[in-house]
Amino acid sequence: MDQATLDLITYRLSYVWAAYSVVMIGLFVYLSTIGRRQRKLAQDINLLRQAIEEKRK
Amino acid sequence: MDPKDHGRGHFALGWLALALLLVSAFAIFRYAPLEKVMLEVQKIFYVHVGVAWNAFLAFAVVCVASIAYLKTKNRRWDVLAAASAEVGLLFTTLVLLTGPVWGRFAWNTWWTWEPRLTTTLILWFIYVAYFLIRSGVAEPHRRASLSAVFGIIGFLDVPIIYFSVRLWGSHPIVLGKGGGGLHPMMLQALIITVFAYTALYVYLTQKAMAVERAKMELDEIKEGLREGAQA
């Protein structure tokens, strides 16, 4: 395979790489934000419950 | 994928989705033959269709859950609708990002105001507005009712997207009436990819539902505190 053909294949593969990277990065960012939101909400719920318990005492 | 969060079923589903994504990657890059016109760039088609199909599925679930909420006023339906809308919006974003990459190679432009692209962008704006409504209304039942109505109306755009290409568009048709068709091995790779993203959709929706349930719990605690303060 000559250099020109290899360059063309690399050029075409750069589009494929870009599209699949966008999807993988998008999914990774979403998964990490949803995990963070879940932890933050659990923390808030625990804090409020503790505050209520202390008020009752 | 923490098994303590949602139970073993959710944990197993996460691994199943991951395994299916790996199988789909093998099917796309090693099993499916190279298309004659677009060559390697055609491989974008599989992931693009996989996420697009599941975005439509997500909004269909939003529509059904919204109707169920308006009928029963059970907030569990609102939780499902909001979670599915969130994943649907994520998938629509991915559709809108992967499409232009293909378009840049095929049409030599990142974006064109072609009917399917335009109606898909409208769908994305509709569900952004859905979340603006949700964040703008504090009272839980009012928020759920308003977003349910919006979720049902928003879903009307999905059939418009589907038929737009057949009526007016220049977007390629592959499957169905008027489509160019697919090589059997390409079709198999596509089916595996759609299944992989469907498993991922269910997994992500379960995760988003856990967040929505936690928000609901927080709302209830705050409501209880307000009532306690008034008494």
# chains A, B, ... in the order shown; residues from 1 in each chain; ligands from 1
$ residues_around --residues "region 102-115 of chain B" --least-positions-apart "6" --cutoff "9 Å" --atoms "only C-alpha atoms" --output "list in words"
Arg12, Tyr15, Val16 and Ala19 of chain A; Met38, Val41, Gln42, Ile44, Phe45, Ile161, Ser164, Val165, Trp168, Gly169, Ser170 and His171 of chain B
$ write_last_selection --atoms "N, CA, C and O atoms" --output "short mmCIF file (atom, residue, chain, number, x, y, z; two decimals), in the first residue's frame"
data_model
loop_
_atom_site.label_atom_id
_atom_site.label_comp_id
_atom_site.auth_asym_id
_atom_site.auth_seq_id
_atom_site.Cartn_x
_atom_site.Cartn_y
_atom_site.Cartn_z
N ARG A 12 -9.87 9.34 6.41
CA ARG A 12 -11.24 8.83 6.61
C ARG A 12 -11.43 8.32 8.04
O ARG A 12 -12.46 8.54 8.66
N TYR A 15 -12.41 10.80 10.86
CA TYR A 15 -13.84 11.10 11.04
C TYR A 15 -14.48 10.06 11.96
O TYR A 15 -15.28 10.40 12.84
N VAL A 16 -14.16 8.80 11.71
CA VAL A 16 -14.72 7.71 12.52
C VAL A 16 -14.27 7.89 13.97
O VAL A 16 -15.08 7.81 14.90
N ALA A 19 -16.19 10.78 15.66
CA ALA A 19 -17.58 10.45 16.00
C ALA A 19 -17.65 9.53 17.22
O ALA A 19 -18.43 9.79 18.15
N MET B 38 -18.81 5.31 0.96
CA MET B 38 -18.30 6.07 2.11
C MET B 38 -17.09 5.40 2.77
O MET B 38 -16.45 6.01 3.65
N VAL B 41 -15.78 5.76 6.67
CA VAL B 41 -16.64 6.79 7.29
C VAL B 41 -18.06 6.26 7.53
O VAL B 41 -18.75 6.69 8.46
N GLN B 42 -18.48 5.27 6.74
CA GLN B 42 -19.82 4.69 6.92
C GLN B 42 -19.98 4.05 8.30
O GLN B 42 -21.09 3.89 8.80
N ILE B 44 -19.62 5.31 11.04
CA ILE B 44 -20.29 6.26 11.94
C ILE B 44 -21.79 5.97 12.00
O ILE B 44 -22.42 6.15 13.03
N PHE B 45 -22.32 5.47 10.87
CA PHE B 45 -23.75 5.17 10.74
C PHE B 45 -24.26 4.31 11.91
O PHE B 45 -25.33 4.56 12.46
N ILE B 161 -39.96 13.90 12.62
CA ILE B 161 -38.56 13.63 12.23
C ILE B 161 -38.50 12.41 11.31
O ILE B 161 -37.84 12.43 10.27
N SER B 164 -40.08 13.26 7.92
CA SER B 164 -39.55 14.43 7.23
C SER B 164 -38.62 14.04 6.07
O SER B 164 -38.69 14.60 4.98
N VAL B 165 -37.78 13.05 6.32
CA VAL B 165 -36.81 12.66 5.30
C VAL B 165 -37.50 12.02 4.10
O VAL B 165 -37.07 12.16 2.96
N TRP B 168 -39.52 15.37 2.45
CA TRP B 168 -38.83 16.53 1.88
C TRP B 168 -37.31 16.42 1.83
O TRP B 168 -36.65 17.26 1.25
N GLY B 169 -36.72 15.47 2.52
CA GLY B 169 -35.31 15.57 2.87
C GLY B 169 -34.28 15.07 1.88
O GLY B 169 -34.60 14.40 0.90
N SER B 170 -33.02 15.41 2.20
CA SER B 170 -31.90 14.87 1.45
C SER B 170 -31.05 13.97 2.33
O SER B 170 -30.02 13.46 1.93
N HIS B 171 -31.52 13.79 3.60
CA HIS B 171 -30.83 12.90 4.54
C HIS B 171 -30.93 11.47 3.99
O HIS B 171 -31.98 11.07 3.49
#
$ residues_around --residues "region 4-19 of chain B" --least-positions-apart "3" --cutoff "8 Å" --atoms "only C-alpha atoms" --output "number ranges by chain"
B: 1, 22-23, 196-197, 199-200, 203, 206-207, 210
$ atom_distance --atom1 "CA of Leu41 (chain A)" --atom2 "CA of Met216 (chain B)"
10.2 Å
$ interface_residues --of "chain A" --to "chain B" --cutoff "10 Å" --atoms "only C-alpha atoms" --output "MDAnalysis selection string"
chainID A and resid 9:27 30:31 34:42 44:46 48:49 52
$ select_by_dssp --residues "region 24-184 of chain B" --states "helix (DSSP H, G or I)" --output "count of residues only"
123
$ atom_distance --atom1 "CA of Arg134 (chain B)" --atom2 "CA of Val49 (chain B)"
28.8 Å
